[in-house]
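Enquirer: Have a peek at data-v9.cif (mmCIF, C-alpha atoms).
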```cif
data_structure
loop_
_atom_site.group_PDB
_atom_site.id
_atom_site.type_symbol
_atom_site.label_atom_id
_atom_site.label_comp_id
_atom_site.auth_asym_id
_atom_site.auth_seq_id
_atom_site.Cartn_x
_atom_site.Cartn_y
_atom_site.Cartn_z
ATOM 1 C CA LEU W 244 197.611 10.398 72.006
ATOM 2 C CA GLN W 245 201.400 10.243 71.905
ATOM 3 C CA LYS W 246 201.454 7.935 74.933
ATOM 4 C CA LEU W 247 198.985 5.625 73.212
ATOM 5 C CA GLU W 248 201.114 5.598 70.047
ATOM 6 C CA LEU W 249 204.156 4.701 72.158
ATOM 7 C CA GLN W 250 202.233 1.805 73.700
ATOM 8 C CA ILE W 251 201.202 0.336 70.352
ATOM 9 C CA GLY W 252 204.511 1.208 68.691
ATOM 10 C CA ASP W 253 203.011 2.941 65.665
ATOM 11 C CA LYS W 254 201.115 6.043 64.538
ATOM 12 C CA LEU W 255 197.354 6.333 64.905
ATOM 13 C CA PHE W 256 197.066 9.192 62.429
ATOM 14 C CA ASN W 257 198.967 10.183 59.321
ATOM 15 C CA ARG W 258 200.043 13.763 60.093
ATOM 16 C CA ASP W 259 201.701 14.299 56.723
ATOM 17 C CA VAL W 260 198.363 14.998 55.021
ATOM 18 C CA LYS W 261 195.529 17.415 55.713
ATOM 19 C CA PRO W 262 193.020 16.650 57.004
ATOM 20 C CA LEU W 263 194.542 13.979 59.255
ATOM 21 C CA ARG W 264 193.877 10.413 58.172
ATOM 22 C CA ALA W 265 193.387 7.527 60.547
ATOM 23 C CA THR W 266 195.793 4.633 60.123
ATOM 24 C CA ARG W 267 194.672 1.014 60.197
ATOM 25 C CA PHE W 268 195.636 0.929 63.870
ATOM 26 C CA ALA W 269 193.379 3.889 64.666
ATOM 27 C CA GLN W 270 190.552 2.240 62.753
ATOM 28 C CA VAL W 271 190.659 -0.634 65.236
ATOM 29 C CA PHE W 272 190.029 1.842 68.068
ATOM 30 C CA ILE W 273 187.273 3.597 66.108
ATOM 31 C CA ASP W 274 185.432 0.381 65.267
ATOM 32 C CA ARG W 275 185.777 -0.966 68.784
ATOM 33 C CA GLY W 276 184.638 2.346 70.255
ATOM 34 C CA ARG W 277 181.468 2.267 68.172
ATOM 35 C CA GLN W 278 180.727 -1.241 69.358
ATOM 36 C CA ILE W 279 181.311 -0.273 73.004
ATOM 37 C CA ALA W 280 178.962 2.711 72.632
ATOM 38 C CA PHE W 281 176.334 0.487 71.030
ATOM 39 C CA GLU W 282 176.604 -2.135 73.786
ATOM 40 C CA ARG W 283 176.408 0.562 76.477
ATOM 41 C CA ASN W 284 173.185 1.909 74.973
ATOM 42 C CA GLU W 285 171.766 -1.611 74.788
ATOM 43 C CA ILE W 286 172.549 -2.199 78.487
ATOM 44 C CA LEU W 287 170.758 1.026 79.440
ATOM 45 C CA ARG W 288 167.755 0.030 77.325
ATOM 46 C CA ASP W 289 167.626 -3.410 78.967
ATOM 47 C CA ILE W 290 167.647 -1.783 82.413
ATOM 48 C CA GLU W 291 164.726 0.438 81.429
ATOM 49 C CA ARG W 292 162.795 -2.582 80.186
ATOM 50 C CA LEU W 293 163.506 -4.514 83.394
ATOM 51 C CA LYS W 294 162.120 -1.603 85.375
ATOM 52 C CA GLY W 295 158.996 -1.871 83.263
ATOM 53 C CA LEU W 296 158.985 1.863 82.689
ATOM 54 C CA GLU W 297 159.338 2.150 78.923
ATOM 55 C CA SER W 298 160.515 5.664 79.656
ATOM 56 C CA GLY W 299 163.674 5.494 77.580
ATOM 57 C CA LYS W 300 164.250 6.791 74.063
ATOM 58 C CA LEU W 301 163.079 5.353 70.751
ATOM 59 C CA THR W 302 164.814 6.549 67.588
ATOM 60 C CA VAL W 303 163.068 5.794 64.307
ATOM 61 C CA ALA W 304 164.305 6.935 60.902
ATOM 62 C CA THR W 305 162.317 6.822 57.708
ATOM 63 C CA GLY W 306 162.152 7.848 54.078
ATOM 64 C CA MET W 307 159.757 10.105 52.221
ATOM 65 C CA PHE W 308 157.121 7.586 51.132
ATOM 66 C CA ALA W 309 157.111 5.486 54.307
ATOM 67 C CA ALA W 310 156.756 8.603 56.465
ATOM 68 C CA GLU W 311 153.647 9.659 54.594
ATOM 69 C CA GLY W 312 152.283 6.151 54.142
ATOM 70 C CA SER W 313 152.347 4.823 57.699
ATOM 71 C CA VAL W 314 155.231 5.870 59.948
ATOM 72 C CA GLU W 315 153.968 9.258 61.129
ATOM 73 C CA LYS W 316 150.525 7.847 61.898
ATOM 74 C CA ALA W 317 152.029 4.861 63.725
ATOM 75 C CA ILE W 318 154.167 7.151 65.891
ATOM 76 C CA SER W 319 151.014 8.921 67.085
ATOM 77 C CA HIS W 320 149.669 5.562 68.296
ATOM 78 C CA VAL W 321 152.926 4.844 70.146
ATOM 79 C CA VAL W 322 152.739 8.215 71.895
ATOM 80 C CA THR W 323 149.236 7.356 73.136
ATOM 81 C CA VAL W 324 150.166 3.925 74.480
ATOM 82 C CA TYR W 325 153.620 4.887 75.844
ATOM 83 C CA PRO W 326 153.258 8.510 77.027
ATOM 84 C CA HIS W 327 156.538 8.469 79.007
ATOM 85 C CA LEU W 328 158.655 7.343 76.070
ATOM 86 C CA THR W 329 160.957 9.881 74.397
ATOM 87 C CA ILE W 330 160.640 9.475 70.630
ATOM 88 C CA GLU W 331 162.919 10.835 67.928
ATOM 89 C CA LEU W 332 161.517 10.573 64.408
ATOM 90 C CA LEU W 333 164.048 11.365 61.687
ATOM 91 C CA GLN W 334 163.658 11.561 57.937
ATOM 92 C CA ASN W 335 166.653 11.224 55.671
ATOM 93 C CA ASP W 336 168.020 9.550 52.576
ATOM 94 C CA TRP W 337 167.761 5.754 52.808
ATOM 95 C CA GLN W 338 171.519 5.328 52.311
ATOM 96 C CA LYS W 339 172.349 7.540 55.300
ATOM 97 C CA VAL W 340 169.628 5.931 57.398
ATOM 98 C CA THR W 341 170.969 2.447 56.647
ATOM 99 C CA GLU W 342 174.380 3.548 57.900
ATOM 100 C CA SER W 343 172.877 4.973 61.111
ATOM 101 C CA VAL W 344 171.085 1.682 61.816
ATOM 102 C CA LEU W 345 174.329 -0.217 61.279
ATOM 103 C CA ARG W 346 176.154 2.114 63.690
ATOM 104 C CA GLY W 347 173.449 1.549 66.300
ATOM 105 C CA THR W 348 172.408 5.216 66.533
ATOM 106 C CA THR W 349 168.979 4.415 65.060
ATOM 107 C CA ASP W 350 166.790 1.709 66.626
ATOM 108 C CA LEU W 351 164.653 1.025 63.592
ATOM 109 C CA ALA W 352 164.294 2.343 60.066
ATOM 110 C CA VAL W 353 161.419 2.143 57.605
ATOM 111 C CA ILE W 354 163.151 2.738 54.280
ATOM 112 C CA GLU W 355 164.032 1.417 50.822
ATOM 113 C CA LEU W 356 165.482 -2.039 51.500
ATOM 114 C CA GLY W 357 167.982 -2.451 48.672
ATOM 115 C CA LEU W 358 171.180 -1.492 50.486
ATOM 116 C CA ALA W 359 170.215 -2.971 53.863
ATOM 117 C CA GLU W 360 169.556 -6.392 52.326
ATOM 118 C CA THR W 361 173.220 -6.631 51.328
ATOM 119 C CA ILE W 362 174.521 -6.079 54.896
ATOM 120 C CA PRO W 363 174.769 -9.284 57.013
ATOM 121 C CA GLU W 364 174.388 -7.474 60.361
ATOM 122 C CA LEU W 365 170.969 -6.089 59.426
ATOM 123 C CA GLU W 366 167.516 -7.674 59.549
ATOM 124 C CA THR W 367 164.949 -6.536 56.969
ATOM 125 C CA GLU W 368 161.216 -6.998 56.420
ATOM 126 C CA LEU W 369 159.241 -5.764 53.406
ATOM 127 C CA VAL W 370 156.056 -3.871 54.307
ATOM 128 C CA ASN W 371 155.207 -2.105 51.033
ATOM 129 C CA GLY W 372 155.880 -3.255 47.485
ATOM 130 C CA ALA W 373 153.083 -1.372 45.713
ATOM 131 C CA PRO W 374 153.273 -0.433 42.013
ATOM 132 C CA CYS W 375 154.503 3.106 41.364
ATOM 133 C CA PHE W 376 153.315 5.665 38.822
ATOM 134 C CA PHE W 377 154.574 8.969 37.543
ATOM 135 C CA PHE W 378 152.284 11.917 38.234
ATOM 136 C CA CYS W 379 151.930 15.640 37.525
ATOM 137 C CA ARG W 380 149.549 18.547 38.080
ATOM 138 C CA VAL W 381 146.206 18.300 36.299
ATOM 139 C CA ASP W 382 146.954 21.126 33.807
ATOM 140 C CA HIS W 383 150.498 19.958 33.041
ATOM 141 C CA PRO W 384 151.358 19.636 29.305
ATOM 142 C CA LEU W 385 151.830 15.875 29.762
ATOM 143 C CA ALA W 386 148.343 15.552 31.253
ATOM 144 C CA LYS W 387 146.862 17.047 28.093
ATOM 145 C CA GLN W 388 148.410 14.427 25.808
ATOM 146 C CA LYS W 389 146.318 11.466 24.636
ATOM 147 C CA SER W 390 149.256 9.167 25.362
ATOM 148 C CA VAL W 391 152.582 9.608 27.111
ATOM 149 C CA THR W 392 155.875 7.896 26.234
ATOM 150 C CA TRP W 393 159.111 7.632 28.174
ATOM 151 C CA ALA W 394 160.705 10.060 25.717
ATOM 152 C CA ASP W 395 158.001 12.635 26.517
ATOM 153 C CA LEU W 396 159.179 12.720 30.137
ATOM 154 C CA ASN W 397 162.609 13.974 29.096
ATOM 155 C CA ALA W 398 161.166 17.411 28.256
ATOM 156 C CA PHE W 399 160.365 18.065 31.934
ATOM 157 C CA PRO W 400 162.289 17.886 35.232
ATOM 158 C CA PHE W 401 161.800 14.956 37.586
ATOM 159 C CA ALA W 402 161.264 15.784 41.275
ATOM 160 C CA GLY W 403 162.115 13.229 43.962
ATOM 161 C CA ASN W 404 165.223 12.093 45.821
ATOM 162 C CA HIS W 405 167.458 9.055 45.204
ATOM 163 C CA LEU W 406 166.223 6.235 42.985
ATOM 164 C CA ALA W 407 167.525 2.842 44.091
ATOM 165 C CA GLU W 408 169.968 0.702 42.130
ATOM 166 C CA ARG W 409 167.230 -1.857 41.427
ATOM 167 C CA LEU W 410 165.481 0.755 39.217
ATOM 168 C CA VAL W 411 168.517 2.193 37.458
ATOM 169 C CA SER W 412 169.075 -0.473 34.795
ATOM 170 C CA HIS W 413 165.377 -0.527 33.865
ATOM 171 C CA LEU W 414 165.254 3.256 33.528
ATOM 172 C CA LYS W 415 168.351 3.178 31.318
ATOM 173 C CA ASN W 416 166.655 0.602 29.087
ATOM 174 C CA VAL W 417 163.678 2.903 28.462
ATOM 175 C CA ASP W 418 166.060 5.816 27.853
ATOM 176 C CA VAL W 419 164.536 8.266 30.315
ATOM 177 C CA ASP W 420 166.619 10.987 31.992
ATOM 178 C CA LEU W 421 165.430 11.517 35.565
ATOM 179 C CA GLY W 422 168.636 12.952 36.996
ATOM 180 C CA GLU W 423 172.321 12.414 37.634
ATOM 181 C CA TYR W 424 173.691 8.881 37.914
ATOM 182 C CA ASP W 425 176.096 8.304 40.812
ATOM 183 C CA THR W 426 178.526 5.626 39.642
ATOM 184 C CA GLY W 427 179.832 5.092 43.190
ATOM 185 C CA HIS W 428 176.510 4.446 44.915
ATOM 186 C CA LYS W 429 174.741 3.316 41.709
ATOM 187 C CA VAL W 430 171.722 5.532 42.288
ATOM 188 C CA ILE W 431 170.017 8.318 40.359
ATOM 189 C CA THR W 432 169.677 11.683 42.092
ATOM 190 C CA ALA W 433 166.552 13.511 40.902
ATOM 191 C CA LYS W 434 167.004 16.742 38.970
ATOM 192 C CA ILE W 435 164.856 18.469 41.576
ATOM 193 C CA PHE W 436 165.929 16.896 44.852
ATOM 194 C CA VAL W 437 163.453 17.012 47.754
ATOM 195 C CA GLU W 438 163.524 15.045 51.011
ATOM 196 C CA ASN W 439 159.917 15.165 52.221
ATOM 197 C CA TYR W 440 156.582 14.385 50.656
ATOM 198 C CA SER W 441 154.816 17.681 51.345
ATOM 199 C CA ALA W 442 157.636 19.540 49.551
ATOM 200 C CA LEU W 443 157.383 17.134 46.620
ATOM 201 C CA LEU W 444 153.664 17.830 46.232
ATOM 202 C CA ARG W 445 154.110 21.600 46.470
ATOM 203 C CA VAL W 446 156.787 21.569 43.779
ATOM 204 C CA ILE W 447 154.726 19.429 41.413
ATOM 205 C CA LYS W 448 151.465 21.340 41.955
ATOM 206 C CA ASN W 449 153.181 24.630 41.120
ATOM 207 C CA SER W 450 155.561 23.745 38.281
ATOM 208 C CA ASP W 451 156.121 21.592 35.217
ATOM 209 C CA ALA W 452 158.002 19.032 37.287
ATOM 210 C CA PHE W 453 156.650 15.489 37.594
ATOM 211 C CA GLY W 454 157.175 12.904 40.304
ATOM 212 C CA MET W 455 156.763 9.242 41.137
ATOM 213 C CA THR W 456 154.917 7.532 43.982
ATOM 214 C CA PHE W 457 152.352 4.824 44.659
ATOM 215 C CA PRO W 458 148.722 5.938 44.111
ATOM 216 C CA GLY W 459 147.646 5.343 47.710
ATOM 217 C CA LEU W 460 149.459 8.519 48.732
ATOM 218 C CA LEU W 461 147.630 10.602 46.118
ATOM 219 C CA LYS W 462 144.014 9.627 46.786
ATOM 220 C CA ASN W 463 143.006 13.038 48.124
ATOM 221 C CA GLU W 464 144.811 15.015 45.425
ATOM 222 C CA ILE W 465 143.383 12.860 42.628
ATOM 223 C CA ALA W 466 139.873 13.128 44.081
ATOM 224 C CA ALA W 467 140.274 16.914 44.342
ATOM 225 C CA GLY W 468 141.277 17.139 40.667
ATOM 226 C CA GLU W 469 144.751 18.495 41.450
ATOM 227 C CA ILE W 470 146.924 15.584 40.341
ATOM 228 C CA VAL W 471 146.772 12.997 37.539
ATOM 229 C CA LEU W 472 148.660 9.745 37.045
ATOM 230 C CA LEU W 473 150.586 9.302 33.802
ATOM 231 C CA ASP W 474 149.917 6.042 31.977
ATOM 232 C CA LEU W 475 153.145 4.596 30.622
ATOM 233 C CA GLY W 476 151.915 1.011 30.598
ATOM 234 C CA SER W 477 152.510 -1.828 33.034
ATOM 235 C CA HIS W 478 156.051 -2.280 34.368
ATOM 236 C CA PRO W 479 156.449 -4.913 37.150
ATOM 237 C CA TRP W 480 159.833 -3.474 38.148
ATOM 238 C CA LEU W 481 158.397 -0.004 38.836
ATOM 239 C CA THR W 482 157.437 -0.416 42.492
ATOM 240 C CA THR W 483 158.102 1.002 45.890
ATOM 241 C CA ARG W 484 160.005 -1.372 48.136
ATOM 242 C CA TYR W 485 160.322 -0.167 51.690
ATOM 243 C CA GLY W 486 160.242 -1.941 55.014
ATOM 244 C CA PHE W 487 161.810 -2.412 58.434
ATOM 245 C CA VAL W 488 165.564 -2.357 58.967
ATOM 246 C CA HIS W 489 167.261 -3.017 62.305
ATOM 247 C CA ARG W 490 170.383 -4.670 63.640
ATOM 248 C CA LYS W 491 170.050 -8.405 64.185
ATOM 249 C CA ASP W 492 171.488 -8.033 67.683
ATOM 250 C CA ARG W 493 169.032 -5.268 68.620
ATOM 251 C CA GLN W 494 166.814 -6.115 71.597
ATOM 252 C CA MET W 495 163.254 -5.242 70.588
ATOM 253 C CA SER W 496 161.376 -3.376 73.324
ATOM 254 C CA PRO W 497 157.577 -3.704 73.707
ATOM 255 C CA ALA W 498 157.206 -0.139 72.394
ATOM 256 C CA LEU W 499 159.274 -0.936 69.291
ATOM 257 C CA LYS W 500 157.294 -4.125 68.654
ATOM 258 C CA PHE W 501 154.056 -2.177 69.059
ATOM 259 C CA PHE W 502 155.257 0.429 66.565
ATOM 260 C CA MET W 503 156.153 -2.247 63.999
ATOM 261 C CA GLU W 504 152.822 -4.004 64.371
ATOM 262 C CA THR W 505 151.002 -0.685 63.986
ATOM 263 C CA VAL W 506 152.917 0.093 60.781
ATOM 264 C CA ARG W 507 151.987 -3.335 59.392
ATOM 265 C CA LYS W 508 148.289 -2.754 60.144
ATOM 266 C CA ILE W 509 148.282 0.707 58.585
ATOM 267 C CA GLU W 510 150.028 -0.580 55.457
ATOM 268 C CA GLU W 511 147.493 -3.414 55.168
ATOM 269 C CA GLU W 512 144.615 -0.949 55.505
ATOM 270 C CA ASN W 513 146.158 1.345 52.890
ATOM 271 C CA ALA W 514 146.563 -1.552 50.445
ATOM 272 C CA ALA W 515 142.948 -2.637 50.952
ATOM 273 C CA SER W 516 141.442 0.835 50.474
#
```
Before anything else, please render the file you have as structure tokens.
Expert:
Amino acid sequence: LQKLELQIGDKLFNRDVKPLRATRFAQVFIDRGRQIAFERNEILRDIERLKGLESGKLTVATGMFAAEGSVEKAISHVVTVYPHLTIELLQNDWQKVTESVLRGTTDLAVIELGLAETIPELETELVNGAPCFFFCRVDHPLAKQKSVTWADLNAFPFAGNHLAERLVSHLKNVDVDLGEYDTGHKVITAKIFVENYSALLRVIKNSDAFGMTFPGLLKNEIAAGEIVLLDLGSHPWLTTRYGFVHRKDRQMSPALKFFMETVRKIEEENAAS
């Protein structure tokens, strides 16, 4: 490290503070190193494709609703068609996933599109923009009311994860408190924070918490008389908005294209049912 600093004639890290902080010179190395790692991985993927093996690794990251709506089912189809492919399916917050796609550590994401659409290096495609509704267990106090207002929601905790910036201003206008507002990222973090759909359902079925989703994911629970939708009127802004996110310079393998096409078909079938 000292030899490298002598070569460039300046410090790479500020040693006067703890933890160490990278200088602007070090940041050049960090950024370039990430790009080199990304290009190396792309070369290895291209070699695998040229061999015709499709035996490499596919990393897909997704959010809570997309995972339940189509991604997990689509992955099972990929496994059948490409049995030699190593697949890593990750679920995380859409902000973190967007960053991983940008770094090149994730091949493709199926997540809330808001942040990704602002980043020039990323390609996006909407696959689900269905209306969303709040919901609760069938014997919840809200379910027993003849009508429900936004103010009524404030008496109970909201369960979910991060609500996108596109929803924040609308929710402020109706004066509903769903959680803590992060001024830096401009998102709302739910009072009861959960990262997967099965956990969300368990919490709501066994407490006075309420959640939000699109009705297609609740067909079985509604039919079984476990869950009810809360009618707060029609609000065009209250929708899900998730889709594909990948780097524009990402080479799309046949397996990745097959996965994307399968997700599209599943989403179309869900919307039609």
Enquirer: Using all atoms listed in the file, pick whichever of W:Val271, W:Glu438, W:Asp425, W:Asn513 has the shortest atom-to-atom distance to Lys462 (chain W).
Expert: W:Asn513
Enquirer: Running the PyMOL selection byres ((chain W and resi 389-399) around 9) on this model by hand, what would come out? Give it as a ChimeraX atom specification.
Expert: /W:385-388,400-401,417-421,451-453,473-475
Enquirer: At most 8 Å is the cut-off: for each residue in region 298-397 of chain W with any atom that close to an atom of region 476-481 of chain W, write down the nearest atom pair and the distance in Å rounded to one decimal, counting all atoms listed in the file, chain first then increasing number, as a tab-separated table.
Expert:
```
residue	atom	partner	partner_atom	distance
W:Pro374	CA	W:Leu481	CA	6.0
W:Cys375	CA	W:Leu481	CA	5.6
W:Phe376	CA	W:Leu481	CA	7.6
```
Enquirer: Expressed in Å to a single decimal, how great is the separation between CA of Arg283 (chain W) and CA of Leu365 (chain W)?
Expert: 19.1 Å
Enquirer: Given the PyMOL selection byres ((chain W and resi 328) around 8) and the file above, list the residues it selects as a PDB file with C-alpha atoms, keeping the file's coordinate frame.
Expert:
```pdb
ATOM      1  CA  GLU W 297     159.338   2.150  78.923  1.00  0.00           C
ATOM      2  CA  SER W 298     160.515   5.664  79.656  1.00  0.00           C
ATOM      3  CA  GLY W 299     163.674   5.494  77.580  1.00  0.00           C
ATOM      4  CA  LYS W 300     164.250   6.791  74.063  1.00  0.00           C
ATOM      5  CA  LEU W 301     163.079   5.353  70.751  1.00  0.00           C
ATOM      6  CA  VAL W 322     152.739   8.215  71.895  1.00  0.00           C
ATOM      7  CA  TYR W 325     153.620   4.887  75.844  1.00  0.00           C
ATOM      8  CA  PRO W 326     153.258   8.510  77.027  1.00  0.00           C
ATOM      9  CA  HIS W 327     156.538   8.469  79.007  1.00  0.00           C
ATOM     10  CA  THR W 329     160.957   9.881  74.397  1.00  0.00           C
ATOM     11  CA  ILE W 330     160.640   9.475  70.630  1.00  0.00           C
TER      12      ILE W 330
END
```
Enquirer: What does the structure give for the distance between CA of Lys429 (chain W) and CA of Leu332 (chain W), in Å to one decimal?
Expert: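 Spanning CA of Lys429 (chain W) to CA of Leu332 (chain W) is a straight-line distance of 27.3 Å.
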Enquirer: Residues around (154.3, -2.9, 64.0), cut-off 12 Å, counting only C-alpha atoms - what are they as a PDB file with C-alpha atoms, in the coordinates of the input?
Expert:
```
ATOM      1  CA  SER W 313     152.347   4.823  57.699  1.00  0.00           C
ATOM      2  CA  VAL W 314     155.231   5.870  59.948  1.00  0.00           C
ATOM      3  CA  LYS W 316     150.525   7.847  61.898  1.00  0.00           C
ATOM      4  CA  ALA W 317     152.029   4.861  63.725  1.00  0.00           C
ATOM      5  CA  ILE W 318     154.167   7.151  65.891  1.00  0.00           C
ATOM      6  CA  HIS W 320     149.669   5.562  68.296  1.00  0.00           C
ATOM      7  CA  VAL W 321     152.926   4.844  70.146  1.00  0.00           C
ATOM      8  CA  LEU W 351     164.653   1.025  63.592  1.00  0.00           C
ATOM      9  CA  ALA W 352     164.294   2.343  60.066  1.00  0.00           C
ATOM     10  CA  VAL W 353     161.419   2.143  57.605  1.00  0.00           C
ATOM     11  CA  GLU W 368     161.216  -6.998  56.420  1.00  0.00           C
ATOM     12  CA  VAL W 370     156.056  -3.871  54.307  1.00  0.00           C
ATOM     13  CA  GLY W 486     160.242  -1.941  55.014  1.00  0.00           C
ATOM     14  CA  PHE W 487     161.810  -2.412  58.434  1.00  0.00           C
ATOM     15  CA  MET W 495     163.254  -5.242  70.588  1.00  0.00           C
ATOM     16  CA  SER W 496     161.376  -3.376  73.324  1.00  0.00           C
ATOM     17  CA  PRO W 497     157.577  -3.704  73.707  1.00  0.00           C
ATOM     18  CA  ALA W 498     157.206  -0.139  72.394  1.00  0.00           C
ATOM     19  CA  LEU W 499     159.274  -0.936  69.291  1.00  0.00           C
ATOM     20  CA  LYS W 500     157.294  -4.125  68.654  1.00  0.00           C
ATOM     21  CA  PHE W 501     154.056  -2.177  69.059  1.00  0.00           C
ATOM     22  CA  PHE W 502     155.257   0.429  66.565  1.00  0.00           C
ATOM     23  CA  MET W 503     156.153  -2.247  63.999  1.00  0.00           C
ATOM     24  CA  GLU W 504     152.822  -4.004  64.371  1.00  0.00           C
ATOM     25  CA  THR W 505     151.002  -0.685  63.986  1.00  0.00           C
ATOM     26  CA  VAL W 506     152.917   0.093  60.781  1.00  0.00           C
ATOM     27  CA  ARG W 507     151.987  -3.335  59.392  1.00  0.00           C
ATOM     28  CA  LYS W 508     148.289  -2.754  60.144  1.00  0.00           C
ATOM     29  CA  ILE W 509     148.282   0.707  58.585  1.00  0.00           C
ATOM     30  CA  GLU W 510     150.028  -0.580  55.457  1.00  0.00           C
ATOM     31  CA  GLU W 511     147.493  -3.414  55.168  1.00  0.00           C
TER      32      GLU W 511
END
```
